[in-house]
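File shown: query-v8.cif (mmCIF, C-alpha atoms).
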```cif
data_protein
#
loop_
_atom_site.label_atom_id
_atom_site.label_comp_id
_atom_site.auth_asym_id
_atom_site.auth_seq_id
_atom_site.Cartn_x
_atom_site.Cartn_y
_atom_site.Cartn_z
CA MET A 848 -116.96 197.71 24.46
CA ILE A 849 -120.62 197.18 25.07
CA ASP A 850 -123.57 198.81 23.27
CA VAL A 851 -125.98 200.31 25.78
CA LEU A 852 -129.47 201.27 24.59
CA TYR A 853 -132.12 203.37 26.33
CA PHE A 854 -135.82 203.53 25.55
CA ALA A 855 -138.85 205.69 26.44
CA TRP A 856 -138.44 207.91 29.52
CA ILE A 857 -135.05 206.41 30.33
CA ARG A 858 -133.82 207.58 26.92
CA GLU A 859 -135.32 211.01 27.56
CA ARG A 860 -133.78 211.37 31.01
CA ILE A 861 -130.32 210.35 29.81
CA GLY A 862 -130.68 212.34 26.62
CA LEU A 863 -129.49 209.79 24.08
CA PRO A 864 -130.76 206.54 22.57
CA ARG A 865 -127.55 204.53 22.65
CA GLU A 866 -123.86 204.71 23.44
CA GLN A 867 -120.81 202.50 23.58
CA ILE A 868 -119.37 201.96 27.01
CA GLU A 869 -116.10 200.52 28.21
CA SER A 870 -117.05 198.76 31.41
CA SER A 871 -115.64 196.24 33.82
CA ALA A 872 -119.07 195.58 35.34
CA VAL A 873 -119.63 191.92 36.14
CA THR A 874 -123.41 192.03 36.23
CA VAL A 875 -126.19 194.27 34.93
CA ALA A 876 -126.61 195.65 38.46
CA ASP A 877 -122.93 196.63 38.52
CA LEU A 878 -123.32 198.39 35.17
CA ILE A 879 -126.28 200.37 36.54
CA GLU A 880 -124.20 201.44 39.55
CA GLU A 881 -121.38 202.53 37.23
CA LEU A 882 -123.76 204.56 35.09
CA LYS A 883 -125.40 206.21 38.13
CA LEU A 884 -122.01 207.53 39.23
CA ARG A 885 -121.36 209.18 35.87
CA GLU A 886 -123.71 212.16 35.97
CA ASP A 887 -126.94 213.33 37.56
CA ARG A 888 -128.99 212.50 34.45
CA TYR A 889 -127.99 208.84 34.79
CA ALA A 890 -128.66 208.83 38.52
CA PHE A 891 -132.09 210.32 37.76
CA ALA A 892 -132.85 207.76 35.04
CA PHE A 893 -131.91 204.85 37.31
CA SER A 894 -133.32 206.24 40.57
CA ASP A 895 -136.13 203.68 40.78
CA LEU A 896 -134.85 200.23 39.84
CA ALA A 897 -138.28 198.67 40.31
CA ALA A 898 -139.40 200.68 37.26
CA ILE A 899 -136.61 199.39 35.03
CA ARG A 900 -136.47 196.33 32.80
CA VAL A 901 -133.33 195.00 31.13
CA ALA A 902 -132.55 192.99 28.03
CA VAL A 903 -129.11 191.53 27.35
CA ASP A 904 -128.60 190.72 23.68
CA GLN A 905 -132.34 191.20 23.11
CA THR A 906 -133.44 188.79 25.83
CA LEU A 907 -135.20 189.94 29.00
CA VAL A 908 -133.06 189.27 32.06
CA ASP A 909 -132.82 190.03 35.75
CA VAL A 910 -130.30 192.64 36.99
CA THR A 911 -128.25 189.83 38.53
CA MET A 912 -127.43 188.62 35.00
CA PRO A 913 -123.65 188.39 34.33
CA LEU A 914 -122.44 190.55 31.45
CA LYS A 915 -119.68 188.22 30.30
CA GLY A 916 -119.78 188.05 26.51
CA ALA A 917 -122.72 190.47 26.23
CA ARG A 918 -122.70 192.77 23.21
CA GLU A 919 -125.84 194.79 23.80
CA VAL A 920 -127.63 195.85 26.99
CA ALA A 921 -130.96 197.68 26.78
CA PHE A 922 -132.70 199.56 29.59
CA PHE A 923 -136.39 200.41 29.41
CA PRO A 924 -139.54 200.87 31.50
CA PRO A 925 -142.13 198.07 31.79
CA MET A 926 -143.46 197.44 28.30
CA THR A 927 -146.82 198.77 27.16
CA GLY A 928 -147.61 196.92 23.96
CA GLY A 929 -150.98 195.88 22.61
CA MET B 656 -147.89 181.87 11.09
CA ALA B 657 -146.77 185.45 10.61
CA VAL B 658 -145.52 188.40 12.63
CA LYS B 659 -145.33 191.92 11.21
CA VAL B 660 -143.98 195.11 12.80
CA GLN B 661 -144.72 198.17 10.72
CA ALA B 662 -145.39 201.91 10.70
CA ASP B 663 -148.06 201.57 8.01
CA ASN B 664 -151.71 200.88 8.65
CA PHE B 665 -153.13 197.45 7.85
CA ASP B 666 -156.32 196.33 6.15
CA LEU B 667 -158.06 193.75 8.32
CA ALA B 668 -160.06 192.24 5.46
CA ALA B 669 -156.98 191.90 3.25
CA GLU B 670 -154.95 190.37 6.06
CA LEU B 671 -157.65 187.78 6.73
CA LYS B 672 -158.43 186.93 3.14
CA ASN B 673 -156.54 183.64 3.11
CA PHE B 674 -156.19 183.27 6.86
CA GLY B 675 -157.20 180.01 8.49
CA ARG B 676 -158.89 178.59 5.41
CA ASP B 677 -158.73 175.05 6.74
CA ALA B 678 -159.80 175.96 10.26
CA GLY B 679 -163.24 175.76 11.79
CA ALA B 680 -162.77 178.90 13.85
CA VAL B 681 -161.00 182.22 13.39
CA VAL B 682 -160.77 184.79 16.20
CA THR B 683 -159.42 188.28 15.62
CA PHE B 684 -158.74 191.19 17.93
CA THR B 685 -157.88 194.72 16.84
CA GLY B 686 -156.54 197.35 19.24
CA LEU B 687 -157.28 201.02 18.51
CA VAL B 688 -155.79 204.23 19.89
CA ARG B 689 -158.11 205.22 22.75
CA ASN B 690 -158.72 208.91 23.32
CA ARG B 691 -158.38 210.33 26.81
CA PRO B 692 -161.63 210.57 28.80
CA ASP B 693 -161.66 214.34 28.22
CA GLY B 694 -161.01 213.89 24.51
CA THR B 695 -157.72 215.81 24.54
CA LEU B 696 -155.44 213.23 22.93
CA ASP B 697 -153.75 214.62 19.84
CA HIS B 698 -151.80 211.49 19.04
CA MET B 699 -149.98 208.55 20.52
CA LEU B 700 -146.31 207.87 19.87
CA ILE B 701 -145.30 204.23 19.88
CA GLU B 702 -141.63 203.49 20.33
CA HIS B 703 -140.13 200.03 20.04
CA TYR B 704 -136.83 198.15 20.18
CA PRO B 705 -136.33 197.11 16.57
CA ALA B 706 -133.62 194.52 17.21
CA MET B 707 -135.80 192.74 19.76
CA THR B 708 -139.42 193.29 18.68
CA LEU B 709 -139.72 190.64 16.00
CA SER B 710 -138.01 187.95 18.06
CA ALA B 711 -140.11 188.76 21.15
CA LEU B 712 -143.35 188.56 19.16
CA THR B 713 -142.25 185.35 17.45
CA GLU B 714 -141.43 183.83 20.83
CA ILE B 715 -144.92 184.68 22.12
CA GLU B 716 -146.45 183.19 18.98
CA THR B 717 -144.36 180.02 19.38
CA GLN B 718 -145.58 179.63 22.96
CA ALA B 719 -149.21 179.97 21.83
CA CYS B 720 -148.69 177.34 19.14
CA ALA B 721 -147.17 174.98 21.72
CA ARG B 722 -150.18 175.34 24.02
CA TRP B 723 -153.09 175.15 21.60
CA ALA B 724 -153.76 173.28 18.37
CA LEU B 725 -153.65 176.31 16.07
CA THR B 726 -153.71 176.03 12.32
CA ASP B 727 -152.60 179.63 11.83
CA THR B 728 -151.68 182.82 13.72
CA LEU B 729 -151.06 186.40 12.74
CA ILE B 730 -149.67 189.28 14.82
CA ILE B 731 -149.35 192.82 13.45
CA HIS B 732 -148.10 195.68 15.63
CA ARG B 733 -147.57 199.25 14.46
CA TYR B 734 -145.19 201.90 15.73
CA GLY B 735 -144.82 205.65 15.19
CA GLU B 736 -147.36 208.45 15.44
CA LEU B 737 -150.99 207.30 15.61
CA ARG B 738 -154.17 209.39 15.90
CA PRO B 739 -157.15 208.54 18.14
CA GLY B 740 -159.16 205.72 16.59
CA ALA B 741 -156.23 204.44 14.52
CA GLN B 742 -155.48 200.73 14.49
CA ILE B 743 -152.45 199.93 16.68
CA MET B 744 -152.28 196.19 16.40
CA MET B 745 -154.13 192.98 15.66
CA VAL B 746 -153.92 189.31 16.43
CA ALA B 747 -155.69 186.50 14.65
CA THR B 748 -155.81 182.84 15.57
CA ALA B 749 -157.25 179.90 13.69
CA SER B 750 -158.16 176.51 15.07
CA LEU B 751 -160.53 173.64 14.46
CA HIS B 752 -162.71 174.75 17.38
CA ARG B 753 -163.46 178.17 18.83
CA ALA B 754 -162.31 177.52 22.42
CA GLU B 755 -158.67 177.16 21.34
CA ALA B 756 -158.84 180.15 19.02
CA PHE B 757 -160.35 182.42 21.73
CA ALA B 758 -157.93 181.25 24.42
CA ALA B 759 -154.89 181.64 22.17
CA ALA B 760 -155.97 185.14 21.10
CA GLU B 761 -156.32 186.20 24.76
CA PHE B 762 -152.95 184.67 25.57
CA LEU B 763 -151.30 186.55 22.70
CA MET B 764 -152.88 189.82 23.86
CA ASP B 765 -151.87 189.33 27.49
CA TYR B 766 -148.26 188.67 26.51
CA LEU B 767 -148.13 191.46 23.92
CA LYS B 768 -149.18 193.92 26.64
CA SER B 769 -146.21 193.33 28.90
CA ARG B 770 -143.61 191.21 27.07
CA ALA B 771 -143.33 192.90 23.69
CA PRO B 772 -140.87 195.84 23.66
CA PHE B 773 -143.24 198.70 22.84
CA TRP B 774 -143.76 201.92 24.80
CA LYS B 775 -146.65 204.34 24.36
CA LYS B 776 -146.56 208.07 24.90
CA GLU B 777 -149.70 210.21 24.89
CA VAL B 778 -149.35 213.66 23.35
CA THR B 779 -152.00 216.29 24.14
CA SER B 780 -152.17 220.06 23.72
CA GLU B 781 -151.25 220.24 27.43
CA GLY B 782 -148.08 218.17 27.10
CA GLU B 783 -146.97 214.59 26.84
CA SER B 784 -146.71 211.61 29.14
CA TRP B 785 -145.58 208.00 28.94
CA VAL B 786 -148.32 205.43 29.51
CA ALA B 787 -147.51 203.50 32.68
CA ALA B 788 -147.78 199.73 32.66
CA ALA B 789 -150.83 198.60 34.61
CA ASP B 790 -150.41 196.13 37.49
CA ARG B 791 -153.40 194.23 36.12
CA ASP B 792 -151.46 193.58 32.88
CA GLU B 793 -148.67 191.85 34.77
CA GLU B 794 -151.30 190.09 36.90
CA ALA B 795 -153.04 188.85 33.73
CA LEU B 796 -150.02 186.68 32.83
CA LYS B 797 -150.47 184.56 35.93
CA ARG B 798 -153.59 182.87 34.62
CA TRP B 799 -151.55 181.19 31.89
#
```

If you took the structure in this file and wrote it as structure tokens, what would it be?
Amino acid sequence: MIDVLYFAWIRERIGLPREQIESSAVTVADLIEELKLREDRYAFAFSDLAAIRVAVDQTLVDVTMPLKGAREVAFFPPMTGG
Amino acid sequence: MAVKVQADNFDLAAELKNFGRDAGAVVTFTGLVRNRPDGTLDHMLIEHYPAMTLSALTEIETQACARWALTDTLIIHRYGELRPGAQIMMVATASLHRAEAFAAAEFLMDYLKSRAPFWKKEVTSEGESWVAAADRDEEALKRW
């Protein structure tokens, strides 16, 4: 099981802040494809990959990142701190 | 060296009371909630990723300390519901000379903008909208 977290408008589009997912995805990109096939709200949230950033176990990564051993994957828009 | 992530407001004078005592130069920057040009902002909602925020800010601080000879640093970033004019965040840097302190403060700000896991939403009487990241913020990282 993997903890998947959503923030900002991705959280709003999907309608929940986090969930546990049983997945055989090898990379982050595979996980996104799996999620998109679930329901329209996921497909909507992940419709523009250029607008999505990913952290695996709280570290920013590229979507090509392997998920082996990952406990937490977070999806969010580009950050707007400061 | 300190990093704080909090909902509560902060008192700039109190935070700086014992900051950089042995330094020759202290630079501080405070970010405030900016109203919309038409003055319609009711409040800003700042969301963050609690499990990642502190480590991301600490990593940025560590990078600054590796690049410049800083005697002290402080980063405070708030989250939650903030009214126009409210303090959102501050950075302070201390060094023997001002050039390092100014440069490090700008570096911290540039990285906070696009590498710290915060998201801002503007709420007005008309509705609400997420603040989009500006291309210039990503561009600003390239100078470092």

Option closest in space to B:Leu763, from B:Thr779, B:Gln661, B:Asn690, B:Thr717 [counting all atoms listed in the file]: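 Distance minimum relative to B:Leu763 lands on B:Thr717.
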
Contact set, chain A to chain B: 7 Å, all atoms listed in the file, as an NGL selection string: :A and (855 or 905 or 925-929)

Output check: residues returned by the PyMOL selection byres ((chain A and resi 857) around 8), as a ChimeraX atom specification: /A:853-856,858-861,892-893,922-924

Separation of atom CA of B:Ser750 from atom CA of B:Gly675, in Å and rounded to one decimal: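 Interatomic distance, atom CA of B:Ser750 to atom CA of B:Gly675: 7.5 Å.
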
Residues within 10 Å of (-127.5, 213.5, 33.1), counting all atoms listed in the file, listed as a PyMOL selection string: chain A and resi 859-863+882-883+885-892

For B:Val658: contacts at 7 Å, all atoms listed in the file, fewer than 4 positions along chain excluded, given as an NGL selection string: :B and (712-713 or 729-731)

Expected residue set, 7 Å radius at (-164.8, 177.1, 14.2), all atoms listed in the file, as a VMD selection string: chain B and resid 678 to 681 750 to 753

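Run against this file, the PyMOL selection byres ((chain A and resi 865) around 8) gives back A:Asp850, A:Val851, A:Leu852, A:Tyr853, A:Leu863, A:Pro864, A:Glu866, A:Gln867.
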
Selection result of the PyMOL selection byres ((chain A and resi 875) around 8) on this file, as a list of chain:residue names: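 Applying the PyMOL selection byres ((chain A and resi 875) around 8) to the structure shown produces A:Ala872, A:Val873, A:Thr874, A:Ala876, A:Asp877, A:Leu878, A:Ile879, A:Asp909, A:Val910, A:Thr911, A:Met912, A:Pro913, A:Leu914.
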
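Relative to atom CA of A:Glu880, atom CA of A:Val901 is found at 14.0 Å.
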
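Here atom CA of B:Thr728 is placed at a distance of 9.3 Å from atom CA of B:Ala756.
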
Find the smallest box with edges along x, y and z containing every listed atom of stretch 887-898 of chain A, then add 8 Å on each side and report centre and edge lengths in Å to one decimal, as JSON.
```
{"center_x": -133.2, "center_y": 206.0, "center_z": 37.6, "size_x": 28.5, "size_y": 30.7, "size_z": 22.3}
```

Test item: residues at most 8 Å from A:Arg918, only C-alpha atoms, excluding those fewer than 3 positions along its chain, as a list of chain:residue names: A:Met848, A:Ile849, A:Asp850, A:Val903, A:Asp904

When you write stretch 709-750 of chain B out from the block above, keep N, CA and C atoms and present the result as a PDB file, in the first residue's frame, please.
```pdb
ATOM      1  N   LEU B 709       8.977  21.621   6.652  1.00  0.00           N
ATOM      2  CA  LEU B 709      10.131  21.932   7.481  1.00  0.00           C
ATOM      3  C   LEU B 709      11.433  21.437   6.844  1.00  0.00           C
ATOM      4  N   SER B 710      11.386  20.221   6.288  1.00  0.00           N
ATOM      5  CA  SER B 710      12.615  19.691   5.692  1.00  0.00           C
ATOM      6  C   SER B 710      12.989  20.467   4.429  1.00  0.00           C
ATOM      7  N   ALA B 711      11.993  20.899   3.649  1.00  0.00           N
ATOM      8  CA  ALA B 711      12.292  21.671   2.438  1.00  0.00           C
ATOM      9  C   ALA B 711      12.923  23.022   2.804  1.00  0.00           C
ATOM     10  N   LEU B 712      12.362  23.671   3.823  1.00  0.00           N
ATOM     11  CA  LEU B 712      12.904  24.969   4.239  1.00  0.00           C
ATOM     12  C   LEU B 712      14.309  24.809   4.832  1.00  0.00           C
ATOM     13  N   THR B 713      14.496  23.751   5.598  1.00  0.00           N
ATOM     14  CA  THR B 713      15.813  23.508   6.198  1.00  0.00           C
ATOM     15  C   THR B 713      16.863  23.233   5.127  1.00  0.00           C
ATOM     16  N   GLU B 714      16.440  22.526   4.076  1.00  0.00           N
ATOM     17  CA  GLU B 714      17.349  22.237   2.965  1.00  0.00           C
ATOM     18  C   GLU B 714      17.769  23.533   2.258  1.00  0.00           C
ATOM     19  N   ILE B 715      16.817  24.436   2.057  1.00  0.00           N
ATOM     20  CA  ILE B 715      17.112  25.727   1.425  1.00  0.00           C
ATOM     21  C   ILE B 715      18.076  26.537   2.308  1.00  0.00           C
ATOM     22  N   GLU B 716      17.811  26.508   3.603  1.00  0.00           N
ATOM     23  CA  GLU B 716      18.676  27.217   4.551  1.00  0.00           C
ATOM     24  C   GLU B 716      20.102  26.635   4.541  1.00  0.00           C
ATOM     25  N   THR B 717      20.182  25.310   4.481  1.00  0.00           N
ATOM     26  CA  THR B 717      21.489  24.648   4.460  1.00  0.00           C
ATOM     27  C   THR B 717      22.281  25.048   3.217  1.00  0.00           C
ATOM     28  N   GLN B 718      21.569  25.129   2.082  1.00  0.00           N
ATOM     29  CA  GLN B 718      22.237  25.545   0.840  1.00  0.00           C
ATOM     30  C   GLN B 718      22.771  26.968   0.959  1.00  0.00           C
ATOM     31  N   ALA B 719      21.984  27.857   1.573  1.00  0.00           N
ATOM     32  CA  ALA B 719      22.424  29.250   1.730  1.00  0.00           C
ATOM     33  C   ALA B 719      23.678  29.309   2.604  1.00  0.00           C
ATOM     34  N   CYS B 720      23.664  28.508   3.670  1.00  0.00           N
ATOM     35  CA  CYS B 720      24.808  28.523   4.595  1.00  0.00           C
ATOM     36  C   CYS B 720      26.067  27.943   3.942  1.00  0.00           C
ATOM     37  N   ALA B 721      25.866  27.062   2.959  1.00  0.00           N
ATOM     38  CA  ALA B 721      27.018  26.483   2.260  1.00  0.00           C
ATOM     39  C   ALA B 721      27.611  27.485   1.270  1.00  0.00           C
ATOM     40  N   ARG B 722      26.787  28.409   0.786  1.00  0.00           N
ATOM     41  CA  ARG B 722      27.245  29.355  -0.241  1.00  0.00           C
ATOM     42  C   ARG B 722      27.835  30.630   0.316  1.00  0.00           C
ATOM     43  N   TRP B 723      27.312  31.085   1.451  1.00  0.00           N
ATOM     44  CA  TRP B 723      27.771  32.352   2.014  1.00  0.00           C
ATOM     45  C   TRP B 723      28.196  32.161   3.468  1.00  0.00           C
ATOM     46  N   ALA B 724      29.090  33.027   3.911  1.00  0.00           N
ATOM     47  CA  ALA B 724      29.561  32.950   5.299  1.00  0.00           C
ATOM     48  C   ALA B 724      28.535  33.641   6.201  1.00  0.00           C
ATOM     49  N   LEU B 725      27.515  32.893   6.597  1.00  0.00           N
ATOM     50  CA  LEU B 725      26.447  33.465   7.417  1.00  0.00           C
ATOM     51  C   LEU B 725      26.661  33.092   8.878  1.00  0.00           C
ATOM     52  N   THR B 726      26.426  34.049   9.750  1.00  0.00           N
ATOM     53  CA  THR B 726      26.553  33.729  11.167  1.00  0.00           C
ATOM     54  C   THR B 726      25.207  33.314  11.756  1.00  0.00           C
ATOM     55  N   ASP B 727      24.124  33.654  11.044  1.00  0.00           N
ATOM     56  CA  ASP B 727      22.804  33.220  11.510  1.00  0.00           C
ATOM     57  C   ASP B 727      21.784  33.354  10.377  1.00  0.00           C
ATOM     58  N   THR B 728      20.726  32.550  10.454  1.00  0.00           N
ATOM     59  CA  THR B 728      19.605  32.680   9.500  1.00  0.00           C
ATOM     60  C   THR B 728      18.316  32.384  10.247  1.00  0.00           C
ATOM     61  N   LEU B 729      17.241  32.949   9.733  1.00  0.00           N
ATOM     62  CA  LEU B 729      15.922  32.680  10.303  1.00  0.00           C
ATOM     63  C   LEU B 729      14.900  32.686   9.158  1.00  0.00           C
ATOM     64  N   ILE B 730      14.067  31.654   9.126  1.00  0.00           N
ATOM     65  CA  ILE B 730      12.967  31.614   8.150  1.00  0.00           C
ATOM     66  C   ILE B 730      11.687  31.350   8.938  1.00  0.00           C
ATOM     67  N   ILE B 731      10.677  32.193   8.742  1.00  0.00           N
ATOM     68  CA  ILE B 731       9.356  31.930   9.326  1.00  0.00           C
ATOM     69  C   ILE B 731       8.345  31.981   8.193  1.00  0.00           C
ATOM     70  N   HIS B 732       7.500  30.972   8.086  1.00  0.00           N
ATOM     71  CA  HIS B 732       6.454  30.989   7.058  1.00  0.00           C
ATOM     72  C   HIS B 732       5.134  30.593   7.699  1.00  0.00           C
ATOM     73  N   ARG B 733       4.100  31.385   7.460  1.00  0.00           N
ATOM     74  CA  ARG B 733       2.782  31.090   8.044  1.00  0.00           C
ATOM     75  C   ARG B 733       1.904  30.328   7.062  1.00  0.00           C
ATOM     76  N   TYR B 734       0.873  29.713   7.592  1.00  0.00           N
ATOM     77  CA  TYR B 734      -0.142  29.063   6.768  1.00  0.00           C
ATOM     78  C   TYR B 734      -1.514  29.386   7.364  1.00  0.00           C
ATOM     79  N   GLY B 735      -2.570  29.065   6.629  1.00  0.00           N
ATOM     80  CA  GLY B 735      -3.924  29.314   7.112  1.00  0.00           C
ATOM     81  C   GLY B 735      -4.550  30.510   6.431  1.00  0.00           C
ATOM     82  N   GLU B 736      -5.501  31.133   7.128  1.00  0.00           N
ATOM     83  CA  GLU B 736      -6.274  32.227   6.544  1.00  0.00           C
ATOM     84  C   GLU B 736      -5.664  33.567   6.941  1.00  0.00           C
ATOM     85  N   LEU B 737      -5.246  34.353   5.939  1.00  0.00           N
ATOM     86  CA  LEU B 737      -4.563  35.612   6.228  1.00  0.00           C
ATOM     87  C   LEU B 737      -5.221  36.774   5.484  1.00  0.00           C
ATOM     88  N   ARG B 738      -5.454  37.854   6.196  1.00  0.00           N
ATOM     89  CA  ARG B 738      -6.109  39.046   5.625  1.00  0.00           C
ATOM     90  C   ARG B 738      -5.108  39.914   4.863  1.00  0.00           C
ATOM     91  N   PRO B 739      -5.613  40.790   3.977  1.00  0.00           N
ATOM     92  CA  PRO B 739      -4.701  41.709   3.267  1.00  0.00           C
ATOM     93  C   PRO B 739      -3.857  42.503   4.267  1.00  0.00           C
ATOM     94  N   GLY B 740      -2.575  42.615   3.973  1.00  0.00           N
ATOM     95  CA  GLY B 740      -1.676  43.356   4.850  1.00  0.00           C
ATOM     96  C   GLY B 740      -1.034  42.492   5.925  1.00  0.00           C
ATOM     97  N   ALA B 741      -1.556  41.286   6.131  1.00  0.00           N
ATOM     98  CA  ALA B 741      -0.978  40.418   7.166  1.00  0.00           C
ATOM     99  C   ALA B 741       0.407  39.938   6.752  1.00  0.00           C
ATOM    100  N   GLN B 742       1.233  39.673   7.727  1.00  0.00           N
ATOM    101  CA  GLN B 742       2.566  39.114   7.456  1.00  0.00           C
ATOM    102  C   GLN B 742       2.415  37.644   7.064  1.00  0.00           C
ATOM    103  N   ILE B 743       3.017  37.265   5.930  1.00  0.00           N
ATOM    104  CA  ILE B 743       2.986  35.857   5.508  1.00  0.00           C
ATOM    105  C   ILE B 743       4.258  35.152   5.956  1.00  0.00           C
ATOM    106  N   MET B 744       5.371  35.804   5.743  1.00  0.00           N
ATOM    107  CA  MET B 744       6.637  35.136   6.010  1.00  0.00           C
ATOM    108  C   MET B 744       7.754  36.150   6.216  1.00  0.00           C
ATOM    109  N   MET B 745       8.860  35.671   6.727  1.00  0.00           N
ATOM    110  CA  MET B 745      10.053  36.519   6.830  1.00  0.00           C
ATOM    111  C   MET B 745      11.309  35.671   6.699  1.00  0.00           C
ATOM    112  N   VAL B 746      12.361  36.316   6.209  1.00  0.00           N
ATOM    113  CA  VAL B 746      13.679  35.695   6.283  1.00  0.00           C
ATOM    114  C   VAL B 746      14.626  36.731   6.898  1.00  0.00           C
ATOM    115  N   ALA B 747      15.603  36.251   7.613  1.00  0.00           N
ATOM    116  CA  ALA B 747      16.649  37.126   8.122  1.00  0.00           C
ATOM    117  C   ALA B 747      17.977  36.415   7.939  1.00  0.00           C
ATOM    118  N   THR B 748      18.982  37.187   7.569  1.00  0.00           N
ATOM    119  CA  THR B 748      20.320  36.621   7.405  1.00  0.00           C
ATOM    120  C   THR B 748      21.317  37.533   8.109  1.00  0.00           C
ATOM    121  N   ALA B 749      22.323  36.943   8.693  1.00  0.00           N
ATOM    122  CA  ALA B 749      23.354  37.724   9.372  1.00  0.00           C
ATOM    123  C   ALA B 749      24.715  37.286   8.861  1.00  0.00           C
ATOM    124  N   SER B 750      25.561  38.287   8.641  1.00  0.00           N
ATOM    125  CA  SER B 750      26.903  38.008   8.132  1.00  0.00           C
ATOM    126  C   SER B 750      27.853  39.111   8.595  1.00  0.00           C
TER     127      SER B 750
END
```
